[in-house]
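**Q** What follows is work.cif, mmCIF, C-alpha atoms.
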data_coords
loop_
_atom_site.label_atom_id
_atom_site.label_comp_id
_atom_site.auth_asym_id
_atom_site.auth_seq_id
_atom_site.Cartn_x
_atom_site.Cartn_y
_atom_site.Cartn_z
CA MET A 1 -7.29 -18.45 -8.20
CA ARG A 2 -7.91 -14.81 -8.98
CA GLY A 3 -9.24 -14.17 -5.49
CA PHE A 4 -6.21 -15.89 -3.97
CA LEU A 5 -3.79 -13.76 -5.97
CA LYS A 6 -5.72 -10.59 -5.14
CA ARG A 7 -5.67 -11.40 -1.43
CA PHE A 8 -1.97 -12.21 -1.12
CA ALA A 9 -0.48 -10.02 -3.86
CA PRO A 10 1.41 -6.92 -2.65
CA ARG A 11 -0.66 -3.73 -2.55
CA THR A 12 2.02 -1.28 -3.66
CA LEU A 13 3.46 -0.83 -7.13
CA ILE A 14 7.01 -1.38 -5.92
CA GLY A 15 5.96 -4.59 -4.17
CA ARG A 16 4.24 -5.95 -7.26
CA SER A 17 7.09 -4.90 -9.55
CA VAL A 18 9.70 -6.56 -7.36
CA THR A 19 7.50 -9.65 -7.12
CA ILE A 20 7.24 -9.82 -10.91
CA LEU A 21 11.04 -9.66 -11.13
CA VAL A 22 11.94 -11.86 -8.19
CA VAL A 23 9.42 -14.72 -8.35
CA PRO A 24 10.43 -15.94 -11.86
CA MET A 25 14.11 -15.66 -10.89
CA ILE A 26 13.54 -17.69 -7.74
CA VAL A 27 11.53 -20.33 -9.61
CA VAL A 28 14.18 -20.68 -12.36
CA GLN A 29 17.01 -20.86 -9.82
CA ALA A 30 15.10 -23.35 -7.69
CA VAL A 31 14.49 -25.65 -10.64
CA ALA A 32 18.09 -25.34 -11.86
CA THR A 33 19.43 -25.85 -8.35
CA TRP A 34 17.27 -28.88 -7.76
CA ALA A 35 18.29 -30.48 -11.06
CA PHE A 36 22.00 -29.77 -10.57
CA TYR A 37 22.12 -30.23 -6.82
CA ASP A 38 20.26 -33.53 -6.87
CA ARG A 39 22.53 -35.03 -9.50
CA HIS A 40 25.67 -33.49 -8.07
CA TRP A 41 24.84 -34.50 -4.52
CA ASP A 42 23.99 -38.04 -5.56
CA ILE A 43 27.13 -38.56 -7.63
CA VAL A 44 29.51 -36.94 -5.14
CA THR A 45 27.97 -38.80 -2.20
CA LYS A 46 28.31 -42.12 -3.99
CA ARG A 47 31.97 -41.46 -4.71
CA LEU A 48 32.79 -40.29 -1.19
CA VAL A 49 31.13 -43.21 0.60
CA ALA A 50 32.67 -45.65 -1.92
CA THR A 51 36.11 -44.25 -1.08
CA VAL A 52 35.53 -44.64 2.68
CA ALA A 53 34.20 -48.18 2.28
CA GLY A 54 37.10 -49.00 -0.02
CA ASP A 55 39.64 -47.75 2.56
CA ILE A 56 38.09 -49.97 5.24
CA ALA A 57 38.09 -52.92 2.87
CA LEU A 58 41.73 -52.17 2.00
CA VAL A 59 42.68 -52.31 5.71
CA ILE A 60 40.97 -55.68 6.06
CA GLU A 61 42.75 -57.01 2.96
CA GLY A 62 46.10 -55.78 4.32
CA MET A 63 45.53 -57.53 7.62
CA GLN A 64 44.64 -60.76 5.81
CA ALA A 65 47.53 -60.50 3.33
CA PHE A 66 50.12 -59.90 6.08
CA PRO A 67 49.17 -62.00 9.10
CA GLY A 68 50.91 -61.58 12.39
CA GLU A 69 50.52 -59.05 15.15
CA ALA A 70 53.43 -56.87 14.05
CA ASN A 71 52.16 -56.65 10.48
CA ARG A 72 48.63 -55.96 11.71
CA ASP A 73 49.82 -53.03 13.80
CA THR A 74 51.69 -51.68 10.81
CA VAL A 75 48.55 -51.87 8.66
CA LEU A 76 46.47 -50.18 11.37
CA ARG A 77 49.03 -47.35 11.73
CA GLY A 78 49.01 -46.93 7.96
CA ALA A 79 45.23 -46.51 8.05
CA ARG A 80 45.70 -43.23 9.90
CA THR A 81 47.17 -41.70 6.74
CA ALA A 82 43.78 -42.28 5.10
CA GLY A 83 41.95 -40.52 7.96
CA LEU A 84 40.94 -43.74 9.74
CA ARG A 85 41.49 -44.57 13.40
CA ALA A 86 41.48 -48.35 13.51
CA SER A 87 42.00 -50.92 16.27
CA PHE A 88 41.57 -54.66 16.48
CA ALA A 89 40.02 -56.70 19.30
CA ARG A 90 41.19 -60.31 19.00
CA GLY A 91 38.58 -62.90 19.89
CA ALA A 92 35.73 -60.34 20.09
CA ALA A 93 32.40 -60.79 18.32
CA LEU A 94 29.57 -58.50 17.31
CA ALA A 95 26.62 -58.99 19.64
CA GLY A 96 23.14 -58.94 18.18
CA PRO A 97 21.91 -56.60 15.44
CA GLY A 98 23.73 -53.36 14.90
CA PRO A 99 22.47 -49.90 15.89
CA ARG A 100 19.87 -48.31 13.69
CA ILE A 101 21.35 -46.57 10.66
CA GLY A 102 20.64 -42.84 10.38
CA GLU A 103 17.94 -41.50 8.08
CA GLY A 104 20.31 -39.28 6.07
CA ILE A 105 21.12 -40.01 2.46
CA ARG A 106 24.84 -40.26 3.31
CA ASP A 107 24.18 -42.85 6.00
CA ARG A 108 22.15 -44.98 3.63
CA ARG A 109 24.74 -44.60 0.87
CA LEU A 110 27.58 -45.55 3.23
CA SER A 111 25.66 -48.60 4.44
CA GLN A 112 25.08 -49.69 0.85
CA ALA A 113 28.77 -49.19 0.00
CA LEU A 114 29.88 -51.19 3.07
CA ASP A 115 27.50 -54.01 2.12
CA TYR A 116 29.05 -54.07 -1.33
CA GLN A 117 32.71 -53.63 -0.36
CA LEU A 118 32.96 -55.75 2.82
CA GLY A 119 30.62 -58.66 2.27
CA ARG A 120 30.71 -59.54 6.01
CA PRO A 121 28.82 -58.59 9.19
CA TYR A 122 29.35 -55.08 10.54
CA HIS A 123 27.85 -52.44 12.81
CA MET A 124 27.72 -48.75 11.83
CA GLU A 125 27.05 -46.02 14.38
CA THR A 126 26.54 -42.47 13.06
CA ALA A 127 25.48 -40.73 16.30
CA GLY A 128 27.14 -40.22 19.63
CA TYR A 129 30.71 -39.76 18.43
CA GLY A 130 30.78 -36.11 17.44
CA ASP A 131 32.60 -35.62 14.15
CA TRP A 132 33.24 -39.35 13.73
CA ILE A 133 31.38 -42.41 12.42
CA ARG A 134 32.12 -45.76 14.04
CA VAL A 135 32.22 -48.96 11.95
CA LYS A 136 32.85 -52.36 13.59
CA VAL A 137 33.55 -55.25 11.20
CA GLN A 138 33.44 -58.89 12.19
CA LEU A 139 36.57 -60.75 11.08
CA ALA A 140 37.44 -64.39 11.50
CA ASP A 141 39.62 -63.86 14.61
CA GLY A 142 38.11 -60.73 16.09
CA VAL A 143 36.47 -57.33 15.45
CA LEU A 144 38.01 -54.46 13.54
CA ASP A 145 36.95 -51.16 15.10
CA VAL A 146 37.26 -48.16 12.71
CA PHE A 147 36.47 -44.45 13.29
CA VAL A 148 35.92 -42.39 10.12
CA GLU A 149 35.82 -38.57 10.08
CA LYS A 150 32.43 -37.30 8.91
CA ARG A 151 34.07 -34.57 6.86
CA ARG A 152 35.26 -37.27 4.47
CA LEU A 153 31.58 -37.70 3.49
CA PHE A 154 31.02 -34.01 2.76
CA GLU A 155 31.99 -32.00 -0.30
CA GLU A 156 32.53 -28.28 0.35
CA THR A 157 31.91 -27.28 -3.27
CA THR A 158 28.23 -28.16 -2.87
CA TYR A 159 27.78 -25.68 -0.03
CA LEU A 160 29.97 -23.14 -1.78
CA PHE A 161 27.68 -23.40 -4.79
CA LEU A 162 24.61 -22.82 -2.64
CA ALA A 163 26.25 -19.89 -0.86
CA TRP A 164 27.13 -18.20 -4.14
CA LEU A 165 23.66 -18.87 -5.51
CA ILE A 166 21.86 -17.42 -2.48
CA GLY A 167 24.31 -14.52 -2.17
CA THR A 168 23.99 -13.42 -5.79
CA SER A 169 20.21 -13.77 -5.58
CA LEU A 170 20.06 -11.47 -2.54
CA VAL A 171 22.32 -8.94 -4.28
CA MET A 172 20.14 -8.97 -7.39
CA ILE A 173 16.98 -8.59 -5.30
CA ALA A 174 18.50 -5.63 -3.44
CA ILE A 175 19.47 -4.00 -6.76
CA ALA A 176 15.95 -4.59 -8.11
CA VAL A 177 14.36 -3.04 -5.00
CA LEU A 178 16.61 0.04 -5.19
CA PHE A 179 15.94 0.45 -8.90
CA MET A 180 12.17 0.09 -8.49
CA ARG A 181 12.15 2.56 -5.57
CA ASN A 182 13.79 5.14 -7.81
CA GLN A 183 11.19 4.45 -10.49
CA VAL A 184 8.23 4.58 -8.09
CA ARG A 185 9.34 7.78 -6.30
CA PRO A 186 8.21 10.09 -9.18
CA ILE A 187 4.84 8.29 -9.29
CA ARG A 188 4.34 8.85 -5.57
CA ARG A 189 5.29 12.51 -5.93
CA LEU A 190 2.83 12.88 -8.81
CA ALA A 191 0.08 11.13 -6.82
CA VAL A 192 0.55 13.57 -3.93
CA ALA A 193 0.43 16.53 -6.33
CA VAL A 194 -2.75 15.24 -8.00
CA ASP A 195 -4.38 14.71 -4.59
CA GLU A 196 -3.44 18.21 -3.45
CA PHE A 197 -4.64 19.73 -6.71
CA GLY A 198 -7.92 17.83 -6.41
CA LYS A 199 -8.42 19.41 -2.98
CA GLY A 200 -8.11 22.87 -4.52
CA ARG A 201 -4.68 23.62 -3.05
CA GLU A 202 -1.76 25.33 -4.75
CA VAL A 203 0.60 22.87 -6.45
CA PRO A 204 3.88 23.98 -8.06
CA ASP A 205 5.18 22.47 -11.28
CA ILE A 206 6.68 19.00 -10.83
CA SER A 207 10.08 18.35 -12.33
CA PRO A 208 9.79 15.34 -14.70
CA SER A 209 11.94 12.39 -13.63
CA GLY A 210 12.01 8.62 -13.90
CA ALA A 211 11.12 6.54 -16.94
CA ALA A 212 9.98 8.13 -20.20
CA GLU A 213 6.33 7.22 -19.57
CA ILE A 214 6.42 8.78 -16.09
CA ARG A 215 8.08 11.90 -17.49
CA SER A 216 5.32 12.18 -20.10
CA LEU A 217 2.66 11.76 -17.42
CA THR A 218 4.27 14.44 -15.23
CA THR A 219 4.51 16.83 -18.17
CA ALA A 220 0.85 16.19 -19.04
CA PHE A 221 -0.16 16.94 -15.43
CA ASN A 222 1.80 20.21 -15.44
CA LEU A 223 0.12 21.25 -18.71
CA MET A 224 -3.32 20.27 -17.41
CA ARG A 225 -2.83 22.23 -14.19
CA ALA A 226 -1.68 25.29 -16.16
CA ARG A 227 -4.65 25.05 -18.54
CA ILE A 228 -7.12 24.77 -15.67
CA GLY A 229 -5.46 27.75 -13.98
CA ARG A 230 -5.72 29.80 -17.16
CA ALA A 231 -9.37 28.79 -17.61
CA ILE A 232 -10.21 29.87 -14.06
CA ALA A 233 -8.34 33.15 -14.50
CA GLN A 234 -10.11 33.85 -17.80
CA ARG A 235 -13.49 33.05 -16.23
CA THR A 236 -12.75 35.37 -13.30
CA GLU A 237 -11.73 38.20 -15.61
CA MET A 238 -14.78 37.65 -17.79
CA LEU A 239 -17.13 37.66 -14.81
CA ALA A 240 -15.54 40.83 -13.48
CA GLY A 241 -16.44 42.50 -16.80
CA VAL A 242 -19.93 41.00 -16.72
CA SER A 243 -20.36 42.28 -13.17
CA HIS A 244 -19.47 45.81 -14.23
CA ASP A 245 -21.64 45.68 -17.35
CA LEU A 246 -24.70 44.38 -15.47
CA ARG A 247 -24.45 46.57 -12.41
CA THR A 248 -24.20 49.78 -14.43
CA PRO A 249 -27.58 49.44 -16.23
CA LEU A 250 -29.18 48.14 -13.03
CA THR A 251 -28.03 51.30 -11.24
CA ARG A 252 -29.51 53.48 -13.99
CA ILE A 253 -32.80 51.56 -13.79
CA LYS A 254 -32.90 52.08 -10.03
CA LEU A 255 -32.35 55.82 -10.48
CA GLN A 256 -35.10 56.04 -13.09
CA ILE A 257 -37.51 54.12 -10.86
CA ALA A 258 -36.70 56.46 -7.97
CA LEU A 259 -37.71 59.40 -10.16
CA LEU A 260 -41.09 57.81 -10.91
CA GLY A 261 -42.30 58.34 -7.38
CA GLU A 262 -44.44 55.86 -5.49
CA GLY A 263 -47.13 53.49 -6.73
CA GLY A 264 -48.08 49.84 -7.09
CA ARG A 265 -46.32 49.35 -10.40
CA VAL A 266 -43.24 51.22 -9.17
CA ASP A 267 -43.06 48.95 -6.15
CA ASP A 268 -43.27 45.91 -8.43
CA LEU A 269 -40.42 47.30 -10.55
CA LYS A 270 -38.32 47.91 -7.43
CA SER A 271 -38.95 44.32 -6.33
CA ASP A 272 -37.96 43.00 -9.76
CA VAL A 273 -34.76 45.07 -9.77
CA ALA A 274 -33.86 43.88 -6.26
CA GLU A 275 -34.40 40.28 -7.37
CA MET A 276 -32.24 40.86 -10.44
CA GLU A 277 -29.46 42.29 -8.26
CA SER A 278 -29.66 39.31 -5.93
CA LEU A 279 -29.59 36.87 -8.83
CA VAL A 280 -26.60 38.61 -10.42
CA GLU A 281 -24.65 38.60 -7.15
CA GLU A 282 -25.46 34.95 -6.44
CA TYR A 283 -24.68 33.88 -9.98
CA LEU A 284 -21.35 35.73 -9.99
CA ALA A 285 -20.42 34.12 -6.68
CA PHE A 286 -21.40 30.70 -8.01
CA ALA A 287 -19.57 31.05 -11.32
CA ALA A 288 -16.47 32.61 -9.81
CA GLY A 289 -16.39 29.95 -7.11
CA GLU A 290 -14.07 32.07 -5.00
CA GLY A 291 -11.33 30.66 -7.22
CA THR A 292 -8.85 33.45 -6.66
CA GLU A 293 -8.73 33.09 -2.86
CA ALA A 294 -5.55 31.55 -1.44
CA VAL A 295 -5.65 28.30 0.53
CA VAL A 296 -4.52 28.67 4.16
CA ALA A 297 -4.55 26.44 7.22
CA ALA A 298 -7.49 27.76 9.25
CA ASN A 299 -9.53 26.65 12.24
CA VAL A 300 -13.03 25.75 11.09
CA ALA A 301 -14.57 25.91 14.59
CA PRO A 302 -14.62 29.77 14.87
CA ILE A 303 -16.08 30.04 11.36
CA LEU A 304 -18.86 27.61 12.31
CA ASP A 305 -19.48 29.52 15.52
CA GLU A 306 -19.77 32.79 13.58
CA VAL A 307 -22.23 31.27 11.07
CA VAL A 308 -24.35 29.76 13.88
CA ALA A 309 -24.39 33.08 15.75
CA GLY A 310 -25.69 34.80 12.61
CA ALA A 311 -28.44 32.16 12.23
CA ARG A 312 -29.54 32.60 15.85
CA ARG A 313 -30.15 36.29 15.24
CA ASP A 314 -32.99 35.24 12.94
CA GLY A 315 -34.84 33.83 15.96
CA VAL A 316 -34.26 30.13 15.24
CA ALA A 317 -32.93 27.79 17.93
CA VAL A 318 -29.60 26.43 16.67
CA GLU A 319 -27.72 23.80 18.65
CA PHE A 320 -23.98 23.79 18.02
CA ARG A 321 -21.35 21.23 18.99
CA ALA A 322 -17.78 21.15 17.67
CA PRO A 323 -14.22 20.66 18.95
CA SER A 324 -12.26 23.79 19.67
CA GLU A 325 -9.58 22.86 17.11
CA LEU A 326 -10.49 21.82 13.57
CA VAL A 327 -7.54 23.09 11.56
CA VAL A 328 -7.62 22.26 7.84
CA PRO A 329 -6.33 23.92 4.63
CA ILE A 330 -9.29 25.91 3.24
CA ARG A 331 -10.28 29.09 1.44
CA PRO A 332 -11.80 30.82 4.49
CA ASN A 333 -14.23 33.18 2.74
CA ALA A 334 -15.48 30.51 0.35
CA PHE A 335 -15.86 28.01 3.16
CA ARG A 336 -17.76 30.57 5.27
CA ARG A 337 -20.13 31.18 2.35
CA CYS A 338 -20.66 27.44 1.97
CA LEU A 339 -21.54 26.96 5.64
CA ALA A 340 -23.72 30.06 5.70
CA ASN A 341 -25.71 28.85 2.68
CA VAL A 342 -26.32 25.40 4.20
CA VAL A 343 -27.25 26.71 7.65
CA SER A 344 -29.46 29.52 6.27
CA ASN A 345 -31.25 27.01 4.06
CA ALA A 346 -31.99 24.91 7.17
CA VAL A 347 -33.05 27.98 9.21
CA ARG A 348 -35.40 29.16 6.46
CA HIS A 349 -37.47 25.96 6.54
CA ALA A 350 -37.27 24.81 10.18
CA GLU A 351 -37.75 25.91 13.77
CA ARG A 352 -34.89 23.94 15.29
CA VAL A 353 -31.49 23.31 13.73
CA SER A 354 -28.52 21.29 14.95
CA VAL A 355 -24.95 21.83 13.72
CA ARG A 356 -22.30 19.28 14.69
CA ALA A 357 -18.68 19.00 13.56
CA SER A 358 -16.16 16.21 14.10
CA ARG A 359 -12.84 15.05 12.81
CA SER A 360 -11.54 11.57 12.03
CA ARG A 361 -8.00 10.65 11.06
CA ASP A 362 -8.15 12.22 7.59
CA THR A 363 -11.64 13.75 7.26
CA ILE A 364 -13.65 16.61 8.71
CA GLU A 365 -17.41 16.08 8.82
CA ILE A 366 -20.07 18.71 9.47
CA VAL A 367 -23.70 17.62 9.92
CA VAL A 368 -26.59 20.12 9.77
CA ASP A 369 -29.97 18.70 10.89
CA ASP A 370 -33.32 20.48 10.89
CA ASP A 371 -36.91 19.62 11.79
CA GLY A 372 -38.40 21.05 8.61
CA PRO A 373 -40.60 19.35 5.99
CA GLY A 374 -37.63 17.56 4.42
CA ILE A 375 -36.71 16.98 0.79
CA PRO A 376 -38.14 14.11 -1.29
CA GLU A 377 -35.56 11.47 -2.08
CA ASP A 378 -35.96 11.89 -5.84
CA ALA A 379 -35.19 15.63 -5.54
CA ARG A 380 -32.09 15.42 -3.35
CA GLU A 381 -29.72 15.80 -6.27
CA ASP A 382 -31.89 18.34 -8.08
CA VAL A 383 -31.59 20.83 -5.22
CA PHE A 384 -27.92 21.24 -6.10
CA LYS A 385 -28.76 22.38 -9.64
CA PRO A 386 -28.51 26.13 -10.28
CA PHE A 387 -31.79 28.04 -9.75
CA TYR A 388 -33.70 24.86 -8.85
CA ARG A 389 -36.37 25.29 -6.18
CA ILE A 390 -38.76 22.65 -4.94
CA ASP A 391 -41.68 25.06 -4.50
CA GLY A 392 -41.19 26.55 -7.98
CA SER A 393 -41.57 30.08 -6.64
CA ARG A 394 -39.27 32.82 -7.80
CA ASN A 395 -39.88 35.02 -4.72
CA PRO A 396 -36.62 35.43 -2.79
CA ALA A 397 -38.58 36.06 0.39
CA THR A 398 -39.99 32.54 0.40
CA GLY A 399 -37.22 30.42 -0.99
CA GLY A 400 -34.11 32.36 -1.98
CA THR A 401 -32.63 32.40 -5.44
CA GLY A 402 -32.00 28.67 -5.84
CA LEU A 403 -28.19 29.00 -5.82
CA GLY A 404 -27.36 28.48 -2.14
CA LEU A 405 -26.81 24.72 -2.18
CA THR A 406 -25.28 24.90 -5.66
CA ILE A 407 -22.61 27.29 -4.40
CA ALA A 408 -22.12 25.19 -1.26
CA ARG A 409 -21.46 22.01 -3.23
CA ASP A 410 -19.21 23.92 -5.66
CA VAL A 411 -17.12 25.16 -2.73
CA MET A 412 -16.96 21.75 -1.04
CA ARG A 413 -15.92 19.99 -4.23
CA GLY A 414 -13.34 22.70 -4.79
CA HIS A 415 -11.86 21.60 -1.45
CA GLY A 416 -11.91 17.93 -2.46
CA GLY A 417 -15.06 17.16 -0.47
CA ASP A 418 -18.80 16.94 -1.13
CA ILE A 419 -22.30 17.45 0.33
CA ARG A 420 -24.99 14.82 0.64
CA ILE A 421 -28.66 15.30 1.53
CA GLU A 422 -30.12 12.69 3.88
CA THR A 423 -33.09 12.32 6.21
CA ALA A 424 -32.59 13.80 9.67
CA PRO A 425 -33.60 11.76 12.76
CA GLY A 426 -36.55 14.11 13.28
CA GLY A 427 -37.76 13.70 9.70
CA GLY A 428 -36.29 16.90 8.32
CA VAL A 429 -33.18 17.41 6.21
CA ARG A 430 -29.69 16.32 7.14
CA ALA A 431 -26.91 17.97 5.15
CA ARG A 432 -23.67 16.03 5.56
CA LEU A 433 -20.51 17.91 4.55
CA ARG A 434 -17.27 15.94 4.29
CA MET A 435 -13.86 17.28 3.41
CA PRO A 436 -10.39 15.68 3.47
CA VAL A 437 -7.81 17.09 5.84
#
Kindly return the structure encoded in the file as structure tokens.
**A**
Amino acid sequence: MRGFLKRFAPRTLIGRSVTILVVPMIVVQAVATWAFYDRHWDIVTKRLVATVAGDIALVIEGMQAFPGEANRDTVLRGARTAGLRASFARGAALAGPGPRIGEGIRDRRLSQALDYQLGRPYHMETAGYGDWIRVKVQLADGVLDVFVEKRRLFEETTYLFLAWLIGTSLVMIAIAVLFMRNQVRPIRRLAVAVDEFGKGREVPDISPSGAAEIRSLTTAFNLMRARIGRAIAQRTEMLAGVSHDLRTPLTRIKLQIALLGEGGRVDDLKSDVAEMESLVEEYLAFAAGEGTEAVVAANVAPILDEVVAGARRDGVAVEFRAPSELVVPIRPNAFRRCLANVVSNAVRHAERVSVRASRSRDTIEIVVDDDGPGIPEDAREDVFKPFYRIDGSRNPATGGTGLGLTIARDVMRGHGGDIRIETAPGGGVRARLRMPV
């Protein structure tokens, strides 16, 4: 039962809300209509067919009470005032069984009423005469032929009741749909804003509207967005101060080392200072996350081409395939840093690298394959941790600082996407970057 409801239930909130409102109303009206309509139809039909059968019986009684051709004609003309067209065929007789009676409830009711009222042989024909029903009654000296208008067997109030019932139901459903659309509109607007904010794009404050709960949710989103913005701004300001405070003593240390002259220990100190500078720069870039850069609609293809060209200068064969147009809202500098980190990581450990980009309906995918030694499956998430290196070395010349992939994933997630490490067809590493359009 649960699977059935899940399969056929509406997907949207407005569809489910209207269904919750409409289905009980339809069920209640259907039950009430059936109970009333069945009883009303049955009672009214019985009375209408009894009246028609009684009029025919009254004509027969008049003909028998006032014999003679002149009196008979008078009775037959009087029948027209009751909506009957009657004629008499003297000496005629009904031949064989009568035509089959219709399957409708009125036909069966009329046949039962004629059986009760007439008490003599008759034929009733309900088809072939347009708006009329033909009844032929066998009398002692001939056959009475009577045409009855079908409208005498119908009650307009029944159809009027159904028309009002259906009409008011449609009006109420339309009102419910309009009301629910107005209630769902703020939710849709909030969903779009949340999606845009999750992709790292600028989102203005949303004006609260709709029901009280939706207004509270919108207000909470505005406050959350403002708090996150303040936190990012405070982090950026703090890191700017940290950058100044760290670079100043590093510069003094470099000057003091330069005054020491040359020597093995001096060279070691210079190497340590250079590593410290690299670590500080990488850490600041990772922590800042390029958060202050504006989002613009940019073509990714030229950025990829620029990154690949830089990798080729290192003497590694890099294959590159991408459409000429891959426009998507991004932070260009941050995205360039992300791609450069991924590609340089592949170039550092491989001899051949392949970079491919493609676009589906709502996603851009960039795949970077290499023929290097690969990454063990149990370490594929660890490589995204800050300062994590598989070889354990702290020498930047052999493995970098351990922040490249961390920064790359930080940038991709800031754009609403992500990076996954897989096994390349050649056994190396495949870095799959996906980002929503």
**Q** By how many Å are CA of Val318 (chain A) and CA of Pro386 (chain A) apart?
**A** 27.0 Å
**Q** Could you tell me how far CA of Ala317 (chain A) lies from CA of Ala357 (chain A), in Å and to one decimal?
**A** 17.3 Å
**Q** Name all residues at most 9 Å from Ala340 (chain A) (count only C-alpha atoms; drop same-chain ones fewer than 5 positions away) and give them as an NGL selection string.
**A** :A and (304 or 307-308 or 310-311 or 335 or 345 or 404 or 408)
**Q** Using only C-alpha atoms, which of the listed residues (A:Arg189, A:Lys46, A:Arg77, A:Lys150) sits closest to Arg109 (chain A)?
**A**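 With only C-alpha atoms as the atom set, the closest residue is A:Lys46.
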**Q** Record the distance separating CA of Ala220 (chain A) and CA of Arg235 (chain A), expressed in Å with one decimal.
**A**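 According to the coordinates, CA of Ala220 (chain A) and CA of Arg235 (chain A) are separated by 22.3 Å.
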**Q** List as a list in words the residues having at least one atom at most 9 Å from position (-30.8, 27.5, 15.2) as given in the file, counting all atoms listed in the file.
**A** Val308, Ala309, Ala311, Arg312, Arg313, Asp314, Gly315, Val316, Ala317, Val318, Glu319, Phe320, Val343, Ala346, Val347, Ala350, Glu351, Arg352, Val353, Ser354, Val355 and Asp370 of chain A
**Q** Please identify all polymer residues within 8 Å of region 134-136 of chain A, counting all atoms listed in the file, omitting same-chain residues fewer than 2 positions from it, and present them as number ranges by chain.
**A** A: 94, 122-126, 129, 132, 138, 143-148
**Q** Nearest to Ser358 (chain A) among A:Lys385, A:Leu403, A:Ala301, A:Leu255, with distances taken over only C-alpha atoms: which residue is it?
**A** A:Ala301
**Q** Once the PyMOL selection byres ((chain A and resi 332) around 8) has been applied to the shown file, what residues remain in the selection, as a PyMOL selection string?
**A** chain A and resi 295-296+298+330-331+333-336
**Q** Since the input has fewer atoms than a full residue there, write region 71-82 of chain A out with N, CA and C atoms, as a compact mmCIF listing (two decimals), in the frame of the given file.
**A**
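Saved file selection_6.txt follows:
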# COMPACT_ATOMS: atom_id res chain seq x y z
N ASN A 71 52.64 -57.13 11.78
CA ASN A 71 52.16 -56.65 10.48
C ASN A 71 50.78 -55.97 10.62
N ARG A 72 49.96 -56.55 11.51
CA ARG A 72 48.63 -55.96 11.71
C ARG A 72 48.75 -54.56 12.27
N ASP A 73 49.64 -54.37 13.23
CA ASP A 73 49.82 -53.03 13.80
C ASP A 73 50.32 -52.04 12.75
N THR A 74 51.19 -52.55 11.88
CA THR A 74 51.69 -51.68 10.81
C THR A 74 50.56 -51.25 9.88
N VAL A 75 49.69 -52.20 9.54
CA VAL A 75 48.55 -51.87 8.66
C VAL A 75 47.62 -50.88 9.34
N LEU A 76 47.38 -51.08 10.65
CA LEU A 76 46.47 -50.18 11.37
C LEU A 76 47.06 -48.78 11.48
N ARG A 77 48.41 -48.68 11.69
CA ARG A 77 49.03 -47.35 11.73
C ARG A 77 48.96 -46.70 10.35
N GLY A 78 49.10 -47.49 9.31
CA GLY A 78 49.01 -46.93 7.96
C GLY A 78 47.62 -46.42 7.63
N ALA A 79 46.61 -46.96 8.30
CA ALA A 79 45.23 -46.51 8.05
C ALA A 79 45.02 -45.06 8.48
N ARG A 80 45.86 -44.62 9.43
CA ARG A 80 45.70 -43.23 9.90
C ARG A 80 46.00 -42.23 8.78
N THR A 81 46.87 -42.62 7.85
CA THR A 81 47.17 -41.70 6.74
C THR A 81 45.95 -41.49 5.84
N ALA A 82 45.01 -42.40 5.88
CA ALA A 82 43.78 -42.28 5.10
C ALA A 82 42.66 -41.65 5.93
